[in-house]
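Peer 1: Got a structure for you, written out below as structure tokens; questions coming shortly.
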Amino acid sequence: MEKLSYVGKSLPRKDAEIKATGAAQYAADRDFAGMLHAAAVRSPRPRIKILSISDAKARKVPGYVTLVTYRDIKGVNKWPVVMQDYPFLPEREARFAGETVALVVADTARAARKAAALVEIKYRELPYVDDPLKALEKGAVKIYGRDNVISSFVIKRGAVDEAFRKAAFTVEGEFSTNYQVHAYLETQGSVAVPEAGGGMTVHSTTQCPFYVLDAVSAALGIPYHKVKILQTVTGGGFGGKEDVPALVASHAALCAAKTGRPVKLIYGRKEDFQSMSKRHPGWARVSYAADKNGKITACRVKYVLDGGAYSTLSPIVLWRGTVHAAGPYKIPNVGIETFAAATNKVPAGAFRGFGQPQICFAQESLIDELAEKAGLDPVRFRLKNLLEPGDRTVTGQRLKSSCGLSELVQAVRSRSGWDKKAATPQVRGDIATGIGFSAVYYGVGLGAKGRYLDRAGALVNVYKDGSVGVNVGNAEMGQGALTVLAQIAAETLNAPYAGVRVEEVDSSKVPDSGPTVASRTTLMSGNAIIEAATPIRERVFKTAHSMLTGLGADPSGGMTAAGGVFSMGGRSVAFKAVVAECWNRRLKMAEQGWYAAPRTTFRLRDGQGDAYGVYSYSADAAEVEVDLKTGVTRVKKIWAAYDVGKIVNPRLALGQAQGGILQGMSWALYENLVYKNGIMVNPNFTDYVIATTADKPEYDITFIEKPYAEGPYRAKGMGEVPLIGVAPAVANAIKNACGARVKSVPLLPEKVWKELKKG
Amino acid sequence: MPEFIAKPASLKELWKQLPSLPSSRRYLAGGTDLVTADNAGADHSGCWIDIGDLPELRAVKETASSLFIGSAVKISELERSAPVRKWCPVLSAAIPHFASPSLRNMATLGGNAANASPCADGVCALVAEDASVLLALKDARRRLPLKDLFTGPKRTALKRDELILGFEVPKRPHAGAYFKLGPRARFGISKAAVALAAEISGGRVKRAAVALGSVAPVPLYAARTSAWLAGRELSPETAAEAAELIKSEVSPITDARSEAAYRREMCGVLLSRALESAAA
């Protein structure tokens, strides 16, 4: 094993100080001379035909500047996402309550909001659909294409019906999950600054600056080289700043283009709830079959996501859900069909886990039921069926060596005291204690469905003073990318970590690197940095060697490089001095790097292929207390183990794990966005409740690092994995504690109570 | 936020300024309801009158027979107040359930009462404490049993410009409990809450007052259950019977926060737990 100076160490976060002291400049902190402010005018109803929009009353607000509608769009009025069905601003029909119909520009944010409230939309209400299952029925009101289906996939393998006929045990269940709101601290926002010569610079809180570039260029109808996207310090994303910041930034840019002045558009929390993306509500009917020895023989899944009014990211969210729908098991016979249905509600999109948590809740709950039928302990049952290196997934992909799932399951089993606890749930007074399990696999990166976007660039620039500037195309959004990528750059160059700075994304400095999603940043940008830094490294190392030789060092023992210092034969020289000498010798000290993901495949006809380059894995055990009188569940402790390849920064990885667990637990137990008649009822943190530190469980987290040869310093991907398995582990624990099998997330006390009353 | 915020230095100055202020005016104390409403676009006042620092409203005072709590005293100050802990055990038990520590640094009982939400934790506890509310409108003063201040959800018997000066709680030694069922461990609006004040002697209830949050249009004083409890032995049987009785006295609804049937059932569970804790 090579000796590493920076990778694998818990080095301090690069952005800790500016965030802790309040010095960080978020989108709302950006100010420019002559800047105006915009506010959105939103559709009040689920589906309307727009008859007219009038600013007659709004004009009377002091400071009012102008109204911006679709008529002001010089480019094409289609936001380029996956499919192009979402107009930047609607022309005739608005398809969900909260959709931006027009924008008001004014001198102050306050005047803009006041004027926006006075803009009158004359409209006629149209029939709408708010239930995804009803949307798929034959007689449903048609709001999207011929059948309200945004997207659909199948996976077919073996002979499913026959396997069910021959099975010793079968189980079937219907499960559902509700929305999840990203609840990032910083709401959506953007500042667009017109440049002389018709260009536009956009400051945006975003995890996908190149999606913003695509959209702003399309909306303004100007070429890419006249548009520059500068990612501002981004106060949380979780998927919520994947696609939609492009819409917000385009709106700001349209206002700036029309007025010729910088325009700031910062969302309030309520409109952010109403109009920005969410985790899709999911519904699934899942069945499993097993033989008399407890081997899973077949799985059948019908999985439906509520896509909302426009397709946005639904096709790829659904695809990830499809590939992982049967769970991390060897299953010879599989029939999976999946649908994203259109409804007149907020378009749902990316959220940590990306279509997996919904179906994972269903299938991992049902695996417990199957184990029970087969008379086996849930962990022993899983161990019989888990994917191991060399096995094939349901898409027929053969797994290579980086697969530690059964080790993870064994680790969690022993650390949690599973065997004893699961067999003997306790009741004391009104409180029942139980434990539940789940196992998960997660395809790292975009996979076959996003393969054209699965590449990333980097620019590494070693300055004369020995400091190192790094630009990448993937974004820091709180996950620690600036830190981990700086560690990788420092390691590769043998540069002191303190002297390496990775910047927020500037779209003009690196080529389109795809989105910052799918737990791909460490892998993709990390590899691009290594590619860029390697030729510089060779020059630096060669120069150091010649400098040490010049100092009279004996070269026979060879040169070592560690911690920013080069040593040979008792002499040493620092990185800074070596760099200065490189510059004296007129060596090239800046390089571009590029990394493209390995080839992946997916055959639409039967869903067979190598869906992802590599998988990460997790196992969770949750211990809960259920109040038998109130149905209230408290998660006492979560034991989790992860195989995400080499850990670049253990402290940050632990943070990702704890944050993911808490976010998963919060979705599992509390988060309940309510729609009534197509209108969101609780677009606020008073009534949309997320976990606080008072709800936090105790954590026991283990990493089992199965090296991935293609990864930077053998890392895979981390960000999403910890969230996915939490909900089913908690649901299984509730069942273990008190016998209540709740089949819908959130696992509210009301639902547990109803199950308990059934007895 | 309105264009105009007035900040009188004393009650006298307030009454003097009042006629000159814009007509759509509201009192601002801690601002935890009003500013939130404003942020949500739900407040359209032309003027806020900041009473948060009026010295007459900022004191906790003991007399021979009662404790006066000024309407603008911060909840976090009550949390630290020895006389409040001594004479208001229900309120003291409720405070940890009252919003979050940061909100408790701003919020006041006056605001909690004037906002008249059926879920108000502070008010619900004070109703069980048998508190009166002291009101003033210029020279006219009046006193109401606190439970009579509330006439419906977000509606009170307050006259236009009438100000809540404070609350008076009789100094009677009693046990107190506050059991709340919220959406998470802390910092949430109750699905149901039960406040219990009980004078107990020799294992018997001499006098009891039960108030409930979030299960009626107003912070509810449960008159029948309170009266029924007087004179009963503190036993599991009493708790079970009281739990049945309370369920017939509440009128919960189904909304985004919970369901009517669940809330009704929980009133019984929470009351029997409150009685158990009073017995302990």
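Chains: A, B, ... in order of the structure tokens. Residues: from 1 per chain. Ligands: from 1, in order shown.
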Could you list, as a ChimeraX atom specification, every residue of chain A that has an atom within 10 Å of an atom of chain B, counting only C-alpha atoms?

Peer 2: /A:110,113-114,117,268-271,629-634,666,669-676,681-696,748-751,753-754

Peer 1: Give me the residues within 8 Å of Ala239 of chain B as an NGL selection string, counting only C-alpha atoms and dropping any in the same chain fewer than 6 places off.

Peer 2: :B and (271-273 or 275-276)

Peer 1: Those same residues - N, CA and C atoms - I'd like them written as a compact mmCIF listing (two decimals), in the first residue's frame.

Peer 2:
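And here is the file that came out, again-v7.txt:
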```
# COMPACT_ATOMS: atom_id res chain seq x y z
N LEU B 271 -53.94 12.72 29.68
CA LEU B 271 -54.49 13.06 31.01
C LEU B 271 -54.16 11.97 32.02
N SER B 272 -54.29 10.72 31.63
CA SER B 272 -53.99 9.68 32.63
C SER B 272 -52.50 9.71 32.98
N ARG B 273 -51.65 10.02 31.99
CA ARG B 273 -50.22 10.15 32.32
C ARG B 273 -49.95 11.35 33.22
N LEU B 275 -52.04 12.56 35.42
CA LEU B 275 -52.50 12.20 36.77
C LEU B 275 -51.50 11.26 37.45
N GLU B 276 -50.96 10.31 36.67
CA GLU B 276 -49.94 9.43 37.24
C GLU B 276 -48.74 10.22 37.73
```

Peer 1: What is the atom CA of Ala727 of chain A to atom CA of Pro281 of chain A distance in Å?

Peer 2: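 Distance between the two atoms: 14.1 Å.
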
Peer 1: Could you check how far atom CA of Thr433 of chain A sits from atom CA of Leu747 of chain A, in Å to one decimal?

Peer 2: 16.0 Å

Peer 1: Let me make sure I understand: among A:Ala325, A:Val193, A:Ala40, A:Val160, which one has the smallest atom-to-atom distance to Leu103 of chain A if we use only C-alpha atoms?

Peer 2: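 Looking at the shortest contact to Leu103 of chain A, the residue is A:Ala40.
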
Peer 1: At a cut-off of 8 Å, using only C-alpha atoms, what residues contact Ala240 of chain B? Leave out same-chain residues fewer than 3 positions from it and give the result as a list in words.

Peer 2: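 These residues fall inside the cut-off: Pro236, Glu237, Ala243, Glu244, Gly268 and Ser272 of chain B.
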
Peer 1: Output as a ChimeraX atom specification all residues of segment 45-166 of chain B that backbone DSSP marks as helix (DSSP H, G or I).

Peer 2: /B:55-57,75-80,82-87,89-97,101-104,109-115,121-128,146-149

Peer 1: Only C-alpha atoms, please: the residues just picked out, written as a compact mmCIF listing (two decimals), in the first residue's frame.

Peer 2:
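Result file part-v6.txt:
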```
# COMPACT_ATOMS: atom_id res chain seq x y z
CA PRO B 55 -41.57 48.67 31.91
CA GLU B 56 -45.15 48.12 33.18
CA LEU B 57 -45.32 44.85 31.20
CA ILE B 75 -40.58 33.01 28.19
CA SER B 76 -36.90 32.35 28.87
CA GLU B 77 -37.04 34.81 31.78
CA LEU B 78 -39.99 32.89 33.21
CA GLU B 79 -37.96 29.72 32.83
CA ARG B 80 -35.37 31.21 35.21
CA ALA B 82 -37.95 31.30 41.13
CA PRO B 83 -41.48 32.54 41.99
CA VAL B 84 -42.79 31.20 38.67
CA ARG B 85 -41.23 27.81 39.40
CA LYS B 86 -42.76 27.86 42.86
CA TRP B 87 -46.29 29.06 42.12
CA PRO B 89 -45.71 24.32 38.24
CA VAL B 90 -47.88 23.70 35.17
CA LEU B 91 -46.38 26.64 33.32
CA SER B 92 -42.89 25.54 34.35
CA ALA B 93 -43.60 22.08 33.02
CA ALA B 94 -44.89 23.56 29.76
CA ILE B 95 -41.98 25.89 29.05
CA PRO B 96 -39.56 23.23 27.73
CA HIS B 97 -42.29 22.36 25.20
CA PRO B 101 -34.83 28.05 23.05
CA SER B 102 -34.20 30.86 20.57
CA LEU B 103 -37.91 31.61 20.21
CA ARG B 104 -38.34 31.51 23.99
CA LEU B 109 -47.13 35.15 27.33
CA GLY B 110 -48.97 38.31 26.31
CA GLY B 111 -48.35 37.51 22.67
CA ASN B 112 -49.19 33.86 23.25
CA ALA B 113 -52.59 34.93 24.62
CA ALA B 114 -53.33 37.72 22.12
CA ASN B 115 -52.55 35.41 19.19
CA ASP B 121 -48.64 25.99 25.17
CA GLY B 122 -48.09 28.91 27.55
CA VAL B 123 -51.72 29.94 27.59
CA CYS B 124 -52.98 26.40 27.97
CA ALA B 125 -50.77 25.97 31.06
CA LEU B 126 -51.90 29.31 32.50
CA VAL B 127 -55.57 28.35 32.08
CA ALA B 128 -54.89 25.30 34.23
CA LEU B 146 -58.02 33.80 31.21
CA LYS B 147 -60.17 31.00 29.82
CA ASP B 148 -62.84 33.58 28.95
CA LEU B 149 -60.44 35.67 26.86
```

Peer 1: Which one of A:Arg13, A:Lys264, A:His251, A:Arg398 sits closest to Tyr70 of chain A if you count only C-alpha atoms?

Peer 2: A:His251

Peer 1: Please identify which residues in segment 479-680 of chain A DSSP calls strand (DSSP E) from the backbone, and express them as an MDAnalysis selection string.

Peer 2: chainID A and resid 500:502 560:562 565:568 571:574 590:596 614:627 633:643 675:676 679:680

Peer 1: Write out as a short mmCIF file (atom, residue, chain, number, x, y, z; two decimals) with C-alpha atoms, in the first residue's frame each polymer residue whose atoms come within 12 Å of Asp53 of chain B, counting only C-alpha atoms; drop sequence neighbours fewer than 4 positions from it.

Peer 2:
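Generated file (around36.cif):
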```cif
data_model
loop_
_atom_site.label_atom_id
_atom_site.label_comp_id
_atom_site.auth_asym_id
_atom_site.auth_seq_id
_atom_site.Cartn_x
_atom_site.Cartn_y
_atom_site.Cartn_z
CA ALA B 6 -44.16 53.07 17.06
CA LYS B 7 -42.23 52.45 20.26
CA PRO B 8 -43.69 54.32 23.23
CA ALA B 9 -41.52 54.48 26.36
CA SER B 10 -44.34 54.06 28.87
CA LEU B 11 -48.01 53.18 29.11
CA LEU B 14 -48.73 54.84 24.53
CA TYR B 27 -49.28 45.48 19.14
CA LEU B 28 -45.86 43.89 18.70
CA ALA B 29 -44.34 42.08 21.69
CA GLY B 30 -41.81 39.31 20.97
CA ILE B 49 -46.76 49.34 18.20
CA LEU B 57 -45.32 44.85 31.20
CA ARG B 58 -41.83 43.55 31.91
CA ALA B 59 -42.09 42.55 35.59
CA GLY B 70 -46.17 40.96 32.97
CA SER B 71 -47.36 40.30 29.45
CA ALA B 72 -44.02 41.21 27.84
CA VAL B 73 -41.78 39.08 30.08
CA LYS B 74 -39.82 36.71 27.86
CA MET B 106 -38.19 36.50 22.18
CA THR B 108 -44.01 36.43 25.60
#
```

Peer 1: One number please: atom CA of Gln487 of chain A to atom CA of Val505 of chain A, in Å, one decimal.

Peer 2: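 Atom-to-atom, atom CA of Gln487 of chain A and atom CA of Val505 of chain A are spaced 17.4 Å apart.
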
Peer 1: With only C-alpha atoms as the atoms that count, which of A:Arg741, A:Ser5, A:Ala448, A:Lys509 lies nearest to Glu755 of chain A?

Peer 2: A:Arg741

Peer 1: Neighbours of Phe32 of chain A within 10 Å (only C-alpha atoms; same-chain residues fewer than 6 positions away dropped), as a PDB file with N, CA and C atoms, in the first residue's frame?

Peer 2:
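As a result, out-v7.pdb now contains:
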```pdb
ATOM      1  N   VAL A 191     -28.224  36.053  -9.109  1.00  0.00           N
ATOM      2  CA  VAL A 191     -28.042  37.447  -9.526  1.00  0.00           C
ATOM      3  C   VAL A 191     -27.480  37.417 -10.937  1.00  0.00           C
ATOM      4  N   ALA A 192     -28.167  38.078 -11.873  1.00  0.00           N
ATOM      5  CA  ALA A 192     -27.708  38.107 -13.264  1.00  0.00           C
ATOM      6  C   ALA A 192     -27.179  39.490 -13.573  1.00  0.00           C
ATOM      7  N   VAL A 193     -25.987  39.533 -14.155  1.00  0.00           N
ATOM      8  CA  VAL A 193     -25.324  40.813 -14.438  1.00  0.00           C
ATOM      9  C   VAL A 193     -25.060  40.907 -15.944  1.00  0.00           C
ATOM     10  N   ARG A 261     -29.834  45.944 -16.547  1.00  0.00           N
ATOM     11  CA  ARG A 261     -29.208  46.178 -15.246  1.00  0.00           C
ATOM     12  C   ARG A 261     -29.095  44.850 -14.489  1.00  0.00           C
ATOM     13  N   PRO A 262     -28.176  44.782 -13.531  1.00  0.00           N
ATOM     14  CA  PRO A 262     -28.099  43.557 -12.725  1.00  0.00           C
ATOM     15  C   PRO A 262     -29.427  43.328 -12.007  1.00  0.00           C
ATOM     16  N   VAL A 263     -29.861  42.085 -11.950  1.00  0.00           N
ATOM     17  CA  VAL A 263     -31.122  41.765 -11.265  1.00  0.00           C
ATOM     18  C   VAL A 263     -30.900  40.604 -10.310  1.00  0.00           C
ATOM     19  N   LYS A 264     -31.361  40.806  -9.093  1.00  0.00           N
ATOM     20  CA  LYS A 264     -31.277  39.760  -8.068  1.00  0.00           C
ATOM     21  C   LYS A 264     -32.650  39.140  -7.863  1.00  0.00           C
TER      22      LYS A 264
END
```

Peer 1: Which neighbours of Val119 of chain A fall inside 7 Å, counting only C-alpha atoms, when residues of the same chain fewer than 3 positions from it are skipped, and could you give them as a list in words?

Peer 2: Ser54, Asp55, Lys57, Ala58, Ala115 and Ala116 of chain A

Peer 1: Kindly export the residues of the current selection with N, CA and C atoms, as a CSV table (one decimal), in the first residue's frame.

Peer 2:
```csv
chain,number,residue,atom,x,y,z
A,54,SER,N,-52.0,41.4,-16.3
A,54,SER,CA,-52.1,42.9,-16.3
A,54,SER,C,-51.2,43.4,-15.1
A,55,ASP,N,-50.4,44.4,-15.4
A,55,ASP,CA,-49.6,45.0,-14.3
A,55,ASP,C,-50.2,46.4,-14.0
A,57,LYS,N,-52.3,47.6,-11.8
A,57,LYS,CA,-52.2,48.0,-10.4
A,57,LYS,C,-50.8,48.0,-9.9
A,58,ALA,N,-50.0,47.0,-10.3
A,58,ALA,CA,-48.6,46.9,-9.9
A,58,ALA,C,-47.8,48.1,-10.2
A,115,ALA,N,-45.4,44.5,-5.7
A,115,ALA,CA,-46.0,44.7,-7.0
A,115,ALA,C,-46.4,43.3,-7.6
A,116,ALA,N,-45.6,42.3,-7.3
A,116,ALA,CA,-45.9,41.0,-7.9
A,116,ALA,C,-47.3,40.5,-7.3
```

Peer 1: Between A:Val517, A:Leu67, A:Val301, A:Val540, which residue has the minimum interatomic distance to Val573 of chain A, considering only C-alpha atoms?

Peer 2: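 Smallest separation from Val573 of chain A among the options: A:Val540.
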
Peer 1: Could you give me, as an MDAnalysis selection string, the residues within 8 Å of Trp15 of chain B, counting only C-alpha atoms and dropping anything in the same chain fewer than 3 positions from it?

Peer 2: chainID B and resid 11:12 18:19 137:138
